[in-house]
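Before any comments, here is the structure.
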Amino acid sequence: LAAMAKSVRFGSMRCNYYSEQTDEGIVMQFGAMLCQMEGALPVILFKGTDRTLVGWKEDFYMAFSKPISGQRVAAWYLNEVAQKIEGRFIVAGHSKGGNLSLYSAVNSEADIRSRITMAFSFDGPGFRSEFFENEAYAEMKDRLVTVISCNSTVGLMLRRAGKLAIVKTDTTGPLAHDTFKWEVMGPKFVKTTKLSKGSEKFDKVMDDILENMDEKTRIDFIDELFDTLLSTGAVTLTDL
C-alpha cells in the first residue's frame with residue numbers, strides 16, 4: 001500500500017468501502033472494495049480466491065445449481081456501495097472475483113444495473129445454465145466481458161458469460177492464471193483469436209466430466225475431499 005501510494009500510476013487513487021469475510025460454517029471467502037483513479041469511472045472490485053481451504057471449497061461449489069455464499073454477498077455489496085456513489089461505474093474481478101463481478105452485475109437492482117458501464121471477469125470460472133436464463137442476463141450480456149489467457153484452465157470451468165476476449169501468454173499450467181504473466185503492449189493486452197491446444201483439450205474434458213456427474217455426486221465428492229484436507233488441521237494451502 002505504501003509503495004502504491006508513492007507511485008505515479010496509483011498515487012491519486014482512492015479506495016473505500018473495503019470488506020473482507022471468511023466463514024467456514026457457510027463456506028465463504030469474500031473480499032471487495034471501491035477504487036477510483038483520477039479522471040476515471042469508479043470501479044467496484046471483487047477479490048479472487050485466497051490461500052484458505054474454505055476459499056477453494058467455495059470455488060468448487062460453483063458447480064452446483066444454487067448460488068454460493070460469496071455470490072449472494074457480492075450482489076448485496078454491489079447494491080449497497082452503488083447507492084453511495086453517483087453516475088456510472090465499472091465492476092471487475094480476477095479468478096473467483098471475476099465470477100462475483102458478473103454475478104453481482106446481473107443480480108443487482110434494476111436502477112443500479114442501468115448505471116453499470118461494463119463488468120469484467122479476468123479468468124474467472126463461468127456459470128451453470130440457470131444463470132443464462134435470467135432476464136437480467138439478456139439485458140446485461142453486451143456489457144459483460146470474460147477475459148481469459150490462451151492457456152487458461154480456471155477460466156474454462158463451466159459456461160462463459162458475455163463477450164469473450166483471449167489474451168496471449170507464454171506461461172502454461174497454474175501460472176497462466178496470473179494476469180501479470182499475460183502479454184501487454186503499451187496499455188493494452190495482446191489478444192489472440194483461439195485457445196492453445198492444451199486449453200481446448202482441458203475445456204472438453206471438464207465439460208464431459210460435469211455433464212456426466214449429477215449434482216449429488218458433485219456435492220459428495222467435494223465435501224469428502226475437503227473434509228479430508230481440513231482433518232489435517234490445515235487452514236490454508238500453505239499449511240497443507
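Residue numbering restarts at 1 in every chain; chains get A, B, ... in the order shown in the C-alpha cells, and ligands count up from 1 in that same order.
Near Val73 of chain A, within 12 Å and counting only C-alpha atoms, sit Ser19, Glu20, Gln21, Thr22, Ile26, Met28, Gln29, Phe30, Gly31, Ala32, Phe46, Pro67, Ile68, Ser69, Gly70, Gln71, Ala75, Trp76, Tyr77, Leu78, Asn79, Glu80, Gly97, Leu100, Ser101, Tyr103, Ser104, Asn107 and Ser108 of chain A, not including residues fewer than 2 positions from it in the same chain.
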Enumerate as an MDAnalysis selection string all residues of segment 22-240 of chain A assigned to strand (DSSP E) by DSSP on the backbone, naming them with the chain letters and numbers the document uses. chainID A and resid 22:23 28:36 43:46 89:94 116:122 144:149 163:167 184:185 188:189 191:192
Just to be explicit: take each residue in the selection above, keep N, CA and C atoms, and write the result as a compact mmCIF listing (two decimals), in the first residue's frame.
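part34.txt written:
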```txt
# COMPACT_ATOMS: atom_id res chain seq x y z
N THR A 22 -14.52 -14.22 5.91
CA THR A 22 -14.26 -15.65 5.71
C THR A 22 -15.05 -16.41 6.76
N ASP A 23 -15.85 -17.37 6.32
CA ASP A 23 -16.73 -18.11 7.23
C ASP A 23 -16.75 -19.57 6.82
N MET A 28 -17.55 -19.61 2.88
CA MET A 28 -17.45 -18.35 2.16
C MET A 28 -16.12 -17.67 2.44
N GLN A 29 -15.49 -17.20 1.37
CA GLN A 29 -14.31 -16.34 1.46
C GLN A 29 -14.56 -15.21 0.48
N PHE A 30 -14.70 -13.98 1.01
CA PHE A 30 -15.17 -12.85 0.20
C PHE A 30 -14.35 -11.60 0.50
N GLY A 31 -14.06 -10.83 -0.53
CA GLY A 31 -13.40 -9.55 -0.35
C GLY A 31 -13.81 -8.60 -1.46
N ALA A 32 -13.94 -7.31 -1.15
CA ALA A 32 -14.32 -6.32 -2.16
C ALA A 32 -13.97 -4.92 -1.69
N MET A 33 -13.84 -4.01 -2.65
CA MET A 33 -13.67 -2.60 -2.32
C MET A 33 -13.98 -1.75 -3.55
N LEU A 34 -14.13 -0.45 -3.32
CA LEU A 34 -14.37 0.51 -4.39
C LEU A 34 -13.08 1.29 -4.64
N CYS A 35 -12.66 1.35 -5.90
CA CYS A 35 -11.46 2.11 -6.25
C CYS A 35 -11.81 3.17 -7.30
N GLN A 36 -11.20 4.34 -7.16
CA GLN A 36 -11.41 5.38 -8.16
C GLN A 36 -10.10 6.08 -8.46
N VAL A 43 -14.62 1.95 -9.85
CA VAL A 43 -14.62 0.51 -10.12
C VAL A 43 -14.88 -0.25 -8.83
N ILE A 44 -15.94 -1.06 -8.83
CA ILE A 44 -16.19 -1.97 -7.71
C ILE A 44 -15.44 -3.26 -8.01
N LEU A 45 -14.49 -3.60 -7.14
CA LEU A 45 -13.58 -4.73 -7.37
C LEU A 45 -13.85 -5.87 -6.40
N PHE A 46 -13.89 -7.08 -6.92
CA PHE A 46 -14.09 -8.27 -6.09
C PHE A 46 -12.81 -9.10 -6.06
N PHE A 89 -20.53 3.40 -13.39
CA PHE A 89 -19.36 2.77 -12.78
C PHE A 89 -19.08 1.43 -13.46
N ILE A 90 -17.93 0.84 -13.12
CA ILE A 90 -17.47 -0.42 -13.69
C ILE A 90 -17.39 -1.46 -12.57
N VAL A 91 -17.58 -2.73 -12.90
CA VAL A 91 -17.42 -3.82 -11.95
C VAL A 91 -16.37 -4.77 -12.51
N ALA A 92 -15.49 -5.29 -11.66
CA ALA A 92 -14.43 -6.17 -12.15
C ALA A 92 -13.91 -7.08 -11.05
N GLY A 93 -13.18 -8.12 -11.46
CA GLY A 93 -12.56 -9.03 -10.51
C GLY A 93 -11.75 -10.09 -11.24
N HIS A 94 -10.81 -10.70 -10.51
CA HIS A 94 -9.97 -11.76 -11.07
C HIS A 94 -10.28 -13.08 -10.37
N ILE A 116 -24.32 0.48 -14.73
CA ILE A 116 -23.08 -0.28 -14.93
C ILE A 116 -22.62 -0.16 -16.38
N THR A 117 -21.44 0.44 -16.58
CA THR A 117 -20.91 0.59 -17.94
C THR A 117 -20.44 -0.74 -18.50
N MET A 118 -19.61 -1.45 -17.72
CA MET A 118 -19.10 -2.76 -18.09
C MET A 118 -18.83 -3.56 -16.83
N ALA A 119 -18.90 -4.89 -16.95
CA ALA A 119 -18.50 -5.79 -15.87
C ALA A 119 -17.51 -6.79 -16.45
N PHE A 120 -16.34 -6.92 -15.81
CA PHE A 120 -15.26 -7.76 -16.32
C PHE A 120 -14.97 -8.93 -15.40
N SER A 121 -14.73 -10.09 -16.02
CA SER A 121 -14.22 -11.26 -15.30
C SER A 121 -12.87 -11.61 -15.90
N PHE A 122 -11.81 -11.50 -15.10
CA PHE A 122 -10.47 -11.85 -15.57
C PHE A 122 -10.14 -13.27 -15.12
N LEU A 144 -21.07 -7.42 -20.44
CA LEU A 144 -20.29 -8.40 -19.67
C LEU A 144 -19.13 -8.87 -20.53
N VAL A 145 -17.92 -8.91 -19.97
CA VAL A 145 -16.74 -9.35 -20.72
C VAL A 145 -15.96 -10.37 -19.89
N THR A 146 -15.72 -11.53 -20.47
CA THR A 146 -14.87 -12.55 -19.85
C THR A 146 -13.53 -12.53 -20.56
N VAL A 147 -12.46 -12.24 -19.82
CA VAL A 147 -11.12 -12.17 -20.38
C VAL A 147 -10.31 -13.35 -19.83
N ILE A 148 -9.80 -14.19 -20.72
CA ILE A 148 -9.01 -15.35 -20.29
C ILE A 148 -7.71 -15.38 -21.08
N SER A 149 -6.73 -16.13 -20.59
CA SER A 149 -5.49 -16.30 -21.35
C SER A 149 -5.63 -17.48 -22.31
N LYS A 163 -19.24 -11.31 -23.63
CA LYS A 163 -18.25 -11.33 -24.71
C LYS A 163 -16.97 -12.00 -24.21
N LEU A 164 -16.25 -12.66 -25.12
CA LEU A 164 -15.03 -13.37 -24.76
C LEU A 164 -13.82 -12.69 -25.39
N ALA A 165 -12.79 -12.44 -24.58
CA ALA A 165 -11.52 -11.93 -25.10
C ALA A 165 -10.42 -12.88 -24.63
N ILE A 166 -9.54 -13.29 -25.56
CA ILE A 166 -8.45 -14.22 -25.24
C ILE A 166 -7.13 -13.48 -25.38
N VAL A 167 -6.29 -13.59 -24.35
CA VAL A 167 -5.02 -12.85 -24.29
C VAL A 167 -3.84 -13.81 -24.44
N VAL A 184 1.27 -7.85 -22.78
CA VAL A 184 0.73 -6.50 -22.98
C VAL A 184 1.58 -5.73 -23.99
N MET A 185 0.95 -4.77 -24.63
CA MET A 185 1.66 -3.84 -25.50
C MET A 185 1.14 -2.46 -25.13
N LYS A 188 -2.48 -1.99 -23.27
CA LYS A 188 -3.49 -2.97 -23.66
C LYS A 188 -2.94 -4.40 -23.64
N PHE A 189 -3.85 -5.38 -23.41
CA PHE A 189 -3.50 -6.78 -23.56
C PHE A 189 -3.30 -7.10 -25.05
N LYS A 191 -4.13 -9.57 -27.78
CA LYS A 191 -5.20 -10.56 -27.92
C LYS A 191 -4.91 -11.57 -29.03
N THR A 192 -5.55 -12.71 -28.92
CA THR A 192 -5.50 -13.74 -29.95
C THR A 192 -6.92 -14.25 -30.16
```
As a check of understanding: the span from atom CA of Arg143 of chain A to atom CA of Tyr18 of chain A is 24.8 Å
Which of segment 20-235 of chain A fall in helix (DSSP H, G or I), as a PDB file with C-alpha atoms, in the first residue's frame:
```pdb
ATOM      1  CA  LEU A  53      -9.044 -24.110   2.030  1.00  0.00           C
ATOM      2  CA  VAL A  54     -12.546 -22.750   2.655  1.00  0.00           C
ATOM      3  CA  GLY A  55     -11.999 -20.310  -0.223  1.00  0.00           C
ATOM      4  CA  TRP A  56     -11.098 -23.138  -2.588  1.00  0.00           C
ATOM      5  CA  LYS A  57     -14.002 -25.265  -1.385  1.00  0.00           C
ATOM      6  CA  GLU A  58     -16.348 -22.371  -2.189  1.00  0.00           C
ATOM      7  CA  ASP A  59     -14.906 -22.261  -5.727  1.00  0.00           C
ATOM      8  CA  PHE A  60     -15.780 -25.928  -6.211  1.00  0.00           C
ATOM      9  CA  TYR A  61     -19.315 -25.169  -5.039  1.00  0.00           C
ATOM     10  CA  MET A  62     -19.792 -23.087  -8.192  1.00  0.00           C
ATOM     11  CA  ALA A  63     -20.507 -26.376  -9.957  1.00  0.00           C
ATOM     12  CA  SER A  69     -22.470 -17.645  -0.357  1.00  0.00           C
ATOM     13  CA  GLY A  70     -19.957 -15.287  -1.948  1.00  0.00           C
ATOM     14  CA  GLN A  71     -22.264 -14.631  -4.903  1.00  0.00           C
ATOM     15  CA  ARG A  72     -25.152 -13.646  -2.648  1.00  0.00           C
ATOM     16  CA  VAL A  73     -22.923 -11.338  -0.587  1.00  0.00           C
ATOM     17  CA  ALA A  74     -21.418  -9.831  -3.760  1.00  0.00           C
ATOM     18  CA  ALA A  75     -24.860  -8.858  -5.076  1.00  0.00           C
ATOM     19  CA  TRP A  76     -25.711  -7.289  -1.708  1.00  0.00           C
ATOM     20  CA  TYR A  77     -22.359  -5.454  -1.590  1.00  0.00           C
ATOM     21  CA  LEU A  78     -22.736  -4.017  -5.097  1.00  0.00           C
ATOM     22  CA  ASN A  79     -26.246  -2.735  -4.353  1.00  0.00           C
ATOM     23  CA  GLU A  80     -25.077  -1.140  -1.090  1.00  0.00           C
ATOM     24  CA  VAL A  81     -21.939   0.539  -2.452  1.00  0.00           C
ATOM     25  CA  ALA A  82     -23.557   1.712  -5.708  1.00  0.00           C
ATOM     26  CA  LYS A  96     -13.443 -16.081  -8.265  1.00  0.00           C
ATOM     27  CA  GLY A  97     -13.696 -12.286  -8.075  1.00  0.00           C
ATOM     28  CA  GLY A  98     -14.410 -12.289 -11.810  1.00  0.00           C
ATOM     29  CA  ASN A  99     -17.318 -14.663 -11.311  1.00  0.00           C
ATOM     30  CA  LEU A 100     -18.620 -12.457  -8.471  1.00  0.00           C
ATOM     31  CA  SER A 101     -18.267  -9.399 -10.704  1.00  0.00           C
ATOM     32  CA  LEU A 102     -20.551 -10.774 -13.425  1.00  0.00           C
ATOM     33  CA  TYR A 103     -22.951 -12.417 -10.969  1.00  0.00           C
ATOM     34  CA  SER A 104     -23.422  -9.248  -8.906  1.00  0.00           C
ATOM     35  CA  ALA A 105     -23.885  -7.090 -12.014  1.00  0.00           C
ATOM     36  CA  VAL A 106     -26.640  -9.322 -13.393  1.00  0.00           C
ATOM     37  CA  ALA A 110     -32.668  -2.589 -11.942  1.00  0.00           C
ATOM     38  CA  ASP A 111     -31.830   1.090 -11.348  1.00  0.00           C
ATOM     39  CA  ILE A 112     -28.278   0.185 -10.338  1.00  0.00           C
ATOM     40  CA  ARG A 113     -27.890  -2.295 -13.216  1.00  0.00           C
ATOM     41  CA  SER A 129     -27.112 -22.844 -17.290  1.00  0.00           C
ATOM     42  CA  GLU A 130     -29.598 -21.282 -14.828  1.00  0.00           C
ATOM     43  CA  PHE A 131     -27.582 -18.045 -14.805  1.00  0.00           C
ATOM     44  CA  PHE A 132     -28.188 -17.505 -18.512  1.00  0.00           C
ATOM     45  CA  GLU A 135     -33.935 -11.959 -17.916  1.00  0.00           C
ATOM     46  CA  ALA A 136     -31.383  -9.538 -16.468  1.00  0.00           C
ATOM     47  CA  TYR A 137     -28.609 -11.530 -18.181  1.00  0.00           C
ATOM     48  CA  ALA A 138     -30.165 -10.827 -21.586  1.00  0.00           C
ATOM     49  CA  GLU A 139     -30.252  -7.143 -20.654  1.00  0.00           C
ATOM     50  CA  MET A 140     -26.623  -7.117 -19.459  1.00  0.00           C
ATOM     51  CA  LYS A 141     -24.845  -9.583 -21.773  1.00  0.00           C
ATOM     52  CA  ASP A 142     -23.407  -6.936 -24.131  1.00  0.00           C
ATOM     53  CA  ARG A 143     -21.854  -5.207 -21.098  1.00  0.00           C
ATOM     54  CA  VAL A 154      -9.704 -21.817 -14.257  1.00  0.00           C
ATOM     55  CA  GLY A 155     -11.477 -19.558 -16.756  1.00  0.00           C
ATOM     56  CA  LEU A 156     -12.689 -22.598 -18.710  1.00  0.00           C
ATOM     57  CA  GLY A 173      -0.263 -24.543 -16.171  1.00  0.00           C
ATOM     58  CA  PRO A 174      -1.453 -22.761 -12.997  1.00  0.00           C
ATOM     59  CA  LEU A 175       0.786 -19.738 -13.648  1.00  0.00           C
ATOM     60  CA  ALA A 176      -1.251 -18.919 -16.766  1.00  0.00           C
ATOM     61  CA  HIS A 177      -3.952 -17.826 -14.309  1.00  0.00           C
ATOM     62  CA  THR A 179      -2.583 -11.800 -15.143  1.00  0.00           C
ATOM     63  CA  PHE A 180       0.951 -10.452 -14.554  1.00  0.00           C
ATOM     64  CA  LYS A 181       2.092 -13.243 -16.901  1.00  0.00           C
ATOM     65  CA  LYS A 197      -4.417 -26.989 -27.918  1.00  0.00           C
ATOM     66  CA  GLY A 198      -3.864 -27.858 -24.239  1.00  0.00           C
ATOM     67  CA  SER A 199      -6.607 -25.495 -23.093  1.00  0.00           C
ATOM     68  CA  GLU A 200      -9.004 -26.741 -25.758  1.00  0.00           C
ATOM     69  CA  LYS A 201      -8.449 -30.318 -24.534  1.00  0.00           C
ATOM     70  CA  PHE A 202      -8.920 -29.280 -20.873  1.00  0.00           C
ATOM     71  CA  ASP A 203     -12.134 -27.445 -21.811  1.00  0.00           C
ATOM     72  CA  LYS A 204     -13.582 -30.565 -23.463  1.00  0.00           C
ATOM     73  CA  VAL A 205     -12.574 -32.872 -20.593  1.00  0.00           C
ATOM     74  CA  MET A 206     -14.134 -30.544 -17.989  1.00  0.00           C
ATOM     75  CA  ASP A 207     -17.364 -30.325 -19.981  1.00  0.00           C
ATOM     76  CA  ASP A 208     -17.541 -34.120 -20.278  1.00  0.00           C
ATOM     77  CA  ILE A 209     -16.924 -34.633 -16.533  1.00  0.00           C
ATOM     78  CA  LEU A 210     -19.520 -32.090 -15.406  1.00  0.00           C
ATOM     79  CA  GLU A 211     -22.050 -33.284 -17.976  1.00  0.00           C
ATOM     80  CA  GLU A 215     -25.346 -32.743  -8.536  1.00  0.00           C
ATOM     81  CA  LYS A 216     -25.475 -35.105  -5.542  1.00  0.00           C
ATOM     82  CA  THR A 217     -22.307 -36.853  -6.733  1.00  0.00           C
ATOM     83  CA  ARG A 218     -20.572 -33.481  -7.084  1.00  0.00           C
ATOM     84  CA  ILE A 219     -21.597 -32.436  -3.571  1.00  0.00           C
ATOM     85  CA  ASP A 220     -20.498 -35.755  -2.022  1.00  0.00           C
ATOM     86  CA  PHE A 221     -17.157 -35.662  -3.830  1.00  0.00           C
ATOM     87  CA  ILE A 222     -16.331 -32.054  -2.886  1.00  0.00           C
ATOM     88  CA  ASP A 223     -17.431 -32.473   0.748  1.00  0.00           C
ATOM     89  CA  GLU A 224     -15.383 -35.647   1.197  1.00  0.00           C
ATOM     90  CA  LEU A 225     -12.332 -34.136  -0.491  1.00  0.00           C
ATOM     91  CA  PHE A 226     -12.289 -31.007   1.692  1.00  0.00           C
ATOM     92  CA  ASP A 227     -13.267 -32.846   4.887  1.00  0.00           C
ATOM     93  CA  THR A 228     -10.158 -34.946   4.329  1.00  0.00           C
ATOM     94  CA  LEU A 229      -7.962 -31.889   3.734  1.00  0.00           C
ATOM     95  CA  LEU A 230      -9.361 -29.990   6.744  1.00  0.00           C
TER      96      LEU A 230
END
```
